[in-house]
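What follows is a short report on a single structure.
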Amino acid sequence: MTSGPDQDVTVAPTPPAALDGPATADNAMLVGKYFIQLIPYVIATGETAQWDALSGPDCKFCASARELGLEVATEGQRVTGGAIDVGFGHASEAEEEGVFSASIDYVEHPSQRIAADGTVLKDYPEATTARAHLELRWAEGSWKILGASSDDLGSA
Amino acid sequence: MRRAFVSSVVLVLAFTAASAVPAFASASTELEDDEAHLTDAFKANLELRHWRAHPDPLVEYAHAPLCNVGSQYLAPGIDGECSPPNGTVPVPACGDDSPVEPLWRRTRPSAASDNWSRWEMLAGWACPQDLLPPFPQADFRRLKIDPLAAHRQPGRDEVLVNKPLIVYADAEHRTFRTSLFTYGIDVDVYPVEYAWDFGDGETLTTTSPGSPYPSFDVAHTYREATSATVVLTTTWKGTYRVDEDPDGEWRDISGTATTTTTLDPFDVIELRSRLDG
């Protein structure tokens, strides 16, 4: 199952060919979509290898998801749900060569984060639509996310 | 990168009864945001708006798909010499909106001169959404949001230990009229979370504002006599609408802001039975 709330978020999303370049707006958009799809995987499994490879050094959004994934893994927490279905995406090149702005619409399905002792730490009972804004750079044969933000648009 | 700040916030209180406060949230949107990137299209459009408000005879702007005087198939979009690249700019797909044509600029040394420079492309094709201002979280936190009114029941100066004290807040939207990057905007903020501190070391956080007696939805029981001050910290989210957005869309504001409401202090006392005498 590759969409909807019952997707297995512990399965890593397939990396797109766009990761190998070249630096085009279309590829930036596809890399952006992949980045968003990685979020529930990172949070549920604490596996950050692919995430770290894409994360720019000053990207607070990237660091924030990484910390959350590591917290879940090291404190024996459990995440249920949280799958993401990516929708419309758009990217354009910025003035600086190799830098792109992308916006990606998506739906995040309901989820819960549960402590090792069974306490519910976070409960998101509603599926929500959201729009992420990313800034990406292609340099030396790879993409980096320079920064990202994501806003709720309402319930799905 | 230019930053503009929310200026002269005019506080308008709109008392719409909010029976159920929307609590849209998801793991991904609660991650920490990086500052909004101002796209070239947005910055170029800001420059164009400024020029329209303060015309400068030394500069001219034009929107045109191409500035290609050399093509035999396409008529040039605008008069005059163009700087390369001449027109090979990607056109984005913009969902339901039509893309906005690239913005070009040229200058001349004096108002009397006809010696215009070549047209330079300031920004390529963009989606209309890209021309609307972002609302950075820092600006959201600068809004002076009036804290919610909060109440307790009983409301007497002395209440009893081991008896529940009901607390509740008057959940409301608040609306503002302000500006962002010179764009007039409406802002609507609404409470999403209530964190009560009862002053005895106990706290309670809910997404419900609570309600008056006989509802014990949000209540606290003091176990010891004490002097207590109840403090409510409200977390707010918001949406904004840009005057110039033809869709009049309410757009989400990044992040949250908080306000504090402090109730007057009161005493918690024990009811001594006369028979104790």
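Ordered as shown in the structure tokens, chains take letters A, B, and onward, while each chain numbers its residues from 1 and ligands are numbered from 1 in the order shown.
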Taking only C-alpha atoms into account, which residues of chain B are within 8 Å of chain A, as a short mmCIF file (atom, residue, chain, number, x, y, z; two decimals) with N, CA and C atoms, in the first residue's frame?
data_model
loop_
_atom_site.label_atom_id
_atom_site.label_comp_id
_atom_site.auth_asym_id
_atom_site.auth_seq_id
_atom_site.Cartn_x
_atom_site.Cartn_y
_atom_site.Cartn_z
N PHE B 24 -6.05 22.07 14.25
CA PHE B 24 -5.29 21.41 13.19
C PHE B 24 -3.85 21.31 13.62
N ALA B 25 -3.34 20.14 13.62
CA ALA B 25 -1.94 19.98 13.94
C ALA B 25 -1.51 18.64 13.41
N SER B 26 -0.23 18.53 13.14
CA SER B 26 0.31 17.27 12.68
C SER B 26 1.78 17.27 13.06
N ALA B 27 2.37 16.10 13.10
CA ALA B 27 3.76 15.99 13.52
C ALA B 27 4.66 16.86 12.64
N SER B 28 4.42 16.83 11.32
CA SER B 28 5.32 17.55 10.42
C SER B 28 5.22 19.05 10.57
N THR B 29 4.02 19.58 10.83
CA THR B 29 3.89 21.03 10.92
C THR B 29 4.30 21.56 12.29
N LEU B 31 7.20 20.70 13.57
CA LEU B 31 8.66 20.78 13.53
C LEU B 31 9.07 22.25 13.44
N GLU B 32 10.29 22.55 13.85
CA GLU B 32 10.72 23.94 13.87
C GLU B 32 10.91 24.48 12.46
N ASP B 33 10.36 25.67 12.19
CA ASP B 33 10.43 26.26 10.85
C ASP B 33 11.70 27.08 10.67
N ASP B 34 12.23 27.06 9.45
CA ASP B 34 13.27 28.02 9.07
C ASP B 34 12.57 29.28 8.56
N GLU B 35 13.25 30.41 8.60
CA GLU B 35 12.65 31.68 8.14
C GLU B 35 12.18 31.56 6.70
N ALA B 36 11.06 32.19 6.41
CA ALA B 36 10.52 32.14 5.05
C ALA B 36 11.50 32.75 4.05
N HIS B 37 11.70 32.08 2.97
CA HIS B 37 12.58 32.60 1.92
C HIS B 37 11.78 33.56 1.06
N THR B 39 11.09 34.90 -2.29
CA THR B 39 11.44 34.51 -3.66
C THR B 39 11.81 35.73 -4.48
N ASP B 40 12.54 35.49 -5.58
CA ASP B 40 12.89 36.59 -6.47
C ASP B 40 11.64 37.25 -7.01
N PRO B 92 6.10 27.72 -14.85
CA PRO B 92 5.65 26.75 -13.84
C PRO B 92 4.19 26.37 -14.03
N ALA B 93 3.80 25.26 -13.46
CA ALA B 93 2.38 24.91 -13.35
C ALA B 93 1.93 25.48 -12.02
N CYS B 94 0.81 26.18 -11.99
CA CYS B 94 0.40 26.87 -10.78
C CYS B 94 -0.93 26.38 -10.24
N GLY B 95 -1.21 25.09 -10.43
CA GLY B 95 -2.49 24.58 -9.94
C GLY B 95 -3.62 25.22 -10.72
N ALA B 126 6.29 33.20 -12.61
CA ALA B 126 6.01 32.86 -11.22
C ALA B 126 4.53 32.55 -11.08
N ARG B 251 -4.72 32.42 4.61
CA ARG B 251 -3.50 31.63 4.57
C ARG B 251 -3.03 31.39 5.99
N ASP B 252 -2.41 30.23 6.18
CA ASP B 252 -1.96 29.89 7.52
C ASP B 252 -0.74 30.70 7.93
N ILE B 253 -0.67 31.08 9.17
CA ILE B 253 0.51 31.75 9.71
C ILE B 253 1.39 30.71 10.37
N SER B 254 2.71 30.80 10.11
CA SER B 254 3.64 29.83 10.71
C SER B 254 3.66 29.93 12.22
N GLY B 255 3.64 28.79 12.88
CA GLY B 255 3.95 28.78 14.31
C GLY B 255 2.83 29.27 15.21
#
Might you pull out every residue within 12 Å of A:Val9, with only C-alpha atoms counted and same-chain residues fewer than 4 positions away left off, and present them as a PDB file with C-alpha atoms, in the first residue's frame?
ATOM      1  CA  MET A   1       0.000   0.000   0.000  1.00  0.00           C
ATOM      2  CA  THR A   2       1.617   3.260  -1.049  1.00  0.00           C
ATOM      3  CA  SER A   3      -0.977   5.819  -0.047  1.00  0.00           C
ATOM      4  CA  GLY A   4      -3.557   6.419   2.619  1.00  0.00           C
ATOM      5  CA  PRO A   5      -3.424   6.090   6.398  1.00  0.00           C
ATOM      6  CA  PRO A  13      10.451   5.856   0.578  1.00  0.00           C
ATOM      7  CA  GLN A  37       7.953  11.621   2.340  1.00  0.00           C
ATOM      8  CA  LEU A  38      10.983  10.921   4.542  1.00  0.00           C
ATOM      9  CA  ILE A  39       9.501  12.775   7.524  1.00  0.00           C
ATOM     10  CA  PRO A  40       7.202  10.032   8.887  1.00  0.00           C
ATOM     11  CA  TYR A  41       9.899   7.446   8.201  1.00  0.00           C
ATOM     12  CA  VAL A  42      12.490   9.386  10.208  1.00  0.00           C
ATOM     13  CA  ILE A  43      10.095   9.989  13.103  1.00  0.00           C
ATOM     14  CA  ALA A  44       8.849   6.396  13.277  1.00  0.00           C
ATOM     15  CA  THR A  45      12.192   4.613  12.866  1.00  0.00           C
ATOM     16  CA  GLY A  46      14.928   7.014  13.949  1.00  0.00           C
ATOM     17  CA  GLU A  47      16.755   6.053  10.734  1.00  0.00           C
ATOM     18  CA  VAL A  79       4.627   6.030  16.698  1.00  0.00           C
ATOM     19  CA  THR A  80       1.409   4.828  15.065  1.00  0.00           C
ATOM     20  CA  GLY A  81       0.112   6.320  11.819  1.00  0.00           C
ATOM     21  CA  GLY A  82       1.484   9.604  10.501  1.00  0.00           C
ATOM     22  CA  ALA A  83       1.813   8.531   6.853  1.00  0.00           C
ATOM     23  CA  ILE A  84       2.100  11.335   4.305  1.00  0.00           C
ATOM     24  CA  ASP A  85       0.521  11.514   0.832  1.00  0.00           C
ATOM     25  CA  GLU A 108      -0.558  13.879   6.842  1.00  0.00           C
ATOM     26  CA  HIS A 109      -2.679  11.082   8.278  1.00  0.00           C
ATOM     27  CA  SER A 111      -0.905   9.609  14.352  1.00  0.00           C
TER      28      SER A 111
END
Exercise. Using only C-alpha atoms, which residues sit within 12 Å of B:Phe42 once same-chain residues fewer than 4 positions away are excluded, as a PyMOL selection string?
Worked result: (chain A and resi 94-95+101) or (chain B and resi 1-2+36-38+46-49+100+102-103+122-134+181+183)
Expected file: the selected residues, N, CA, C and O atoms, as a short mmCIF file (atom, residue, chain, number, x, y, z; two decimals), in the first residue's frame:
data_model
loop_
_atom_site.label_atom_id
_atom_site.label_comp_id
_atom_site.auth_asym_id
_atom_site.auth_seq_id
_atom_site.Cartn_x
_atom_site.Cartn_y
_atom_site.Cartn_z
N ALA A 94 16.04 30.22 -7.85
CA ALA A 94 16.24 31.53 -7.24
C ALA A 94 17.30 32.28 -8.04
O ALA A 94 17.84 31.77 -9.01
N GLU A 95 17.60 33.50 -7.64
CA GLU A 95 18.59 34.30 -8.34
C GLU A 95 19.97 33.64 -8.27
O GLU A 95 20.73 33.63 -9.24
N SER A 101 13.52 27.34 -4.90
CA SER A 101 12.42 27.39 -3.92
C SER A 101 11.37 26.41 -4.37
O SER A 101 10.99 26.40 -5.54
N MET B 1 19.02 40.26 2.53
CA MET B 1 17.58 40.04 2.27
C MET B 1 16.78 41.06 3.07
O MET B 1 17.04 41.27 4.23
N ARG B 2 15.87 41.73 2.38
CA ARG B 2 15.07 42.73 3.11
C ARG B 2 14.08 42.03 4.02
O ARG B 2 13.50 41.02 3.68
N ALA B 36 11.06 32.19 6.41
CA ALA B 36 10.52 32.14 5.05
C ALA B 36 11.50 32.75 4.05
O ALA B 36 12.06 33.80 4.30
N HIS B 37 11.70 32.08 2.97
CA HIS B 37 12.58 32.60 1.92
C HIS B 37 11.78 33.56 1.06
O HIS B 37 10.68 33.23 0.62
N LEU B 38 12.31 34.74 0.82
CA LEU B 38 11.62 35.68 -0.07
C LEU B 38 12.04 35.35 -1.49
O LEU B 38 13.20 35.49 -1.85
N LEU B 46 7.82 43.53 -5.17
CA LEU B 46 7.87 44.60 -4.16
C LEU B 46 8.48 45.85 -4.77
O LEU B 46 8.02 46.97 -4.53
N GLU B 47 9.54 45.64 -5.56
CA GLU B 47 10.22 46.77 -6.20
C GLU B 47 9.27 47.46 -7.17
O GLU B 47 9.18 48.70 -7.21
N LEU B 48 8.53 46.66 -7.93
CA LEU B 48 7.56 47.20 -8.90
C LEU B 48 6.48 48.00 -8.17
O LEU B 48 6.09 49.09 -8.59
N ARG B 49 5.96 47.47 -7.07
CA ARG B 49 4.91 48.16 -6.29
C ARG B 49 5.42 49.49 -5.77
O ARG B 49 4.72 50.50 -5.78
N VAL B 100 2.27 34.13 -13.76
CA VAL B 100 2.50 35.55 -14.02
C VAL B 100 3.73 35.69 -14.89
O VAL B 100 4.74 35.02 -14.67
N PRO B 102 7.18 36.99 -16.71
CA PRO B 102 8.44 37.53 -16.17
C PRO B 102 8.41 39.05 -16.09
O PRO B 102 7.73 39.72 -16.87
N LEU B 103 9.16 39.60 -15.12
CA LEU B 103 9.24 41.05 -14.94
C LEU B 103 10.59 41.55 -15.45
O LEU B 103 11.64 41.01 -15.09
N LEU B 122 14.18 40.70 -14.21
CA LEU B 122 14.31 40.71 -12.75
C LEU B 122 13.83 39.40 -12.14
O LEU B 122 14.35 38.93 -11.13
N ALA B 123 12.79 38.86 -12.72
CA ALA B 123 12.24 37.61 -12.20
C ALA B 123 11.57 36.87 -13.34
O ALA B 123 11.00 37.49 -14.23
N GLY B 124 11.67 35.56 -13.32
CA GLY B 124 11.06 34.73 -14.36
C GLY B 124 9.59 34.51 -14.10
O GLY B 124 8.98 35.15 -13.24
N TRP B 125 9.01 33.60 -14.83
CA TRP B 125 7.62 33.22 -14.61
C TRP B 125 7.42 32.83 -13.15
O TRP B 125 8.26 32.18 -12.56
N ALA B 126 6.29 33.20 -12.61
CA ALA B 126 6.01 32.86 -11.22
C ALA B 126 4.53 32.55 -11.08
O ALA B 126 3.72 32.92 -11.91
N CYS B 127 4.21 31.86 -9.99
CA CYS B 127 2.80 31.63 -9.69
C CYS B 127 2.29 32.82 -8.86
O CYS B 127 3.02 33.36 -8.05
N PRO B 128 1.02 33.20 -9.06
CA PRO B 128 0.49 34.35 -8.32
C PRO B 128 0.67 34.22 -6.81
O PRO B 128 0.86 35.21 -6.12
N GLN B 129 0.63 32.99 -6.30
CA GLN B 129 0.82 32.78 -4.87
C GLN B 129 2.19 33.27 -4.39
O GLN B 129 2.34 33.71 -3.26
N ASP B 130 3.19 33.19 -5.28
CA ASP B 130 4.55 33.60 -4.91
C ASP B 130 4.65 35.10 -4.70
O ASP B 130 5.60 35.59 -4.12
N LEU B 131 3.67 35.85 -5.23
CA LEU B 131 3.74 37.31 -5.12
C LEU B 131 3.11 37.83 -3.84
O LEU B 131 3.16 39.01 -3.54
N LEU B 132 2.50 36.93 -3.08
CA LEU B 132 1.87 37.35 -1.84
C LEU B 132 2.87 37.23 -0.69
O LEU B 132 3.70 36.34 -0.69
N PRO B 133 2.79 38.13 0.28
CA PRO B 133 3.80 38.13 1.33
C PRO B 133 3.68 36.92 2.25
O PRO B 133 2.58 36.49 2.57
N PRO B 134 4.82 36.38 2.67
CA PRO B 134 4.80 35.35 3.71
C PRO B 134 4.57 36.02 5.07
O PRO B 134 4.75 37.22 5.18
N PHE B 181 5.14 43.85 4.66
CA PHE B 181 5.85 44.18 3.42
C PHE B 181 5.04 45.15 2.55
O PHE B 181 4.99 45.02 1.34
N TYR B 183 1.88 45.31 2.21
CA TYR B 183 0.57 44.78 1.80
C TYR B 183 -0.41 44.88 2.96
O TYR B 183 -0.10 44.45 4.07
#
Problem set entry | Picked from chain A by DSSP as strand (DSSP E), as number ranges by chain | A: 78-81, 84-93, 99-108, 111-114, 120-124, 128-139, 142-155
For this session: Give me the residues within 7 Å of stretch 213-219 of chain B as a ChimeraX atom specification, counting only C-alpha atoms and dropping any in the same chain fewer than 6 places off.
Result: /B:164-168
For this session: Excluding A:Asn27 and residues on its chain fewer than 4 positions from it, collect all residues at most 12 Å away from it, counting only C-alpha atoms, and give them as a list of chain:residue names.
Result: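 Near neighbours after the sequence-gap exclusion: A:Pro16, A:Ala17, A:Ala18, A:Leu19, A:Asp20, A:Gly21, A:Pro22, A:Ala23, A:Val31, A:Gly32, A:Lys33, A:Tyr34, A:Gly89, A:His90, A:Ala91, A:Ser92, A:Glu93, A:Gly98, A:Val99, A:Phe100, A:Ser101, A:Ala102, A:Leu136, A:Arg137, A:Trp138, A:Ser142, A:Trp143.
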For this session: From the DSSP assignment of the backbone, select every residue of stretch 12-97 of chain A that is helix (DSSP H, G or I), and format the answer as a ChimeraX atom specification.
Result: /A:17-20,25-45,49-54,60-74
Go ahead and dump the residues you just picked, C-alpha atoms, as a short mmCIF file (atom, residue, chain, number, x, y, z; two decimals), in the first residue's frame.
data_model
loop_
_atom_site.label_atom_id
_atom_site.label_comp_id
_atom_site.auth_asym_id
_atom_site.auth_seq_id
_atom_site.Cartn_x
_atom_site.Cartn_y
_atom_site.Cartn_z
CA ALA A 17 16.42 9.63 -9.84
CA ALA A 18 16.24 13.41 -9.42
CA LEU A 19 18.65 13.03 -6.48
CA ASP A 20 21.43 12.51 -9.01
CA ALA A 25 13.35 23.10 -11.13
CA ASP A 26 11.57 19.82 -11.88
CA ASN A 27 14.25 17.81 -10.10
CA ALA A 28 14.23 20.23 -7.18
CA MET A 29 10.49 19.65 -6.86
CA LEU A 30 10.92 15.85 -6.96
CA VAL A 31 13.66 15.97 -4.34
CA GLY A 32 11.42 18.19 -2.24
CA LYS A 33 8.61 15.64 -2.45
CA TYR A 34 10.98 12.85 -1.41
CA PHE A 35 12.17 14.95 1.54
CA ILE A 36 8.58 15.35 2.75
CA GLN A 37 7.95 11.62 2.34
CA LEU A 38 10.98 10.92 4.54
CA ILE A 39 9.50 12.77 7.52
CA PRO A 40 7.20 10.03 8.89
CA TYR A 41 9.90 7.45 8.20
CA VAL A 42 12.49 9.39 10.21
CA ILE A 43 10.10 9.99 13.10
CA ALA A 44 8.85 6.40 13.28
CA THR A 45 12.19 4.61 12.87
CA ALA A 49 20.93 8.33 7.00
CA GLN A 50 18.94 9.54 3.98
CA TRP A 51 17.64 12.55 5.93
CA ASP A 52 21.12 13.59 7.06
CA ALA A 53 22.46 13.29 3.50
CA LEU A 54 19.86 15.85 2.39
CA LYS A 60 16.43 23.97 11.67
CA PHE A 61 13.51 22.04 10.27
CA CYS A 62 15.88 19.20 9.35
CA ALA A 63 17.49 19.20 12.81
CA SER A 64 14.09 19.24 14.48
CA ALA A 65 12.85 16.10 12.68
CA ARG A 66 16.16 14.37 13.28
CA GLU A 67 15.97 15.07 17.02
CA LEU A 68 12.43 13.79 17.16
CA GLY A 69 13.33 10.56 15.34
CA LEU A 70 16.28 9.96 17.64
CA GLU A 71 14.17 10.67 20.72
CA VAL A 72 11.59 8.08 19.61
CA ALA A 73 14.29 5.50 19.00
CA THR A 74 16.38 6.06 22.12
#
Exercise. By how many Å are atom CA of B:His63 and atom CA of B:Leu180 apart?
Worked result: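 A separation of 23.9 Å between them.
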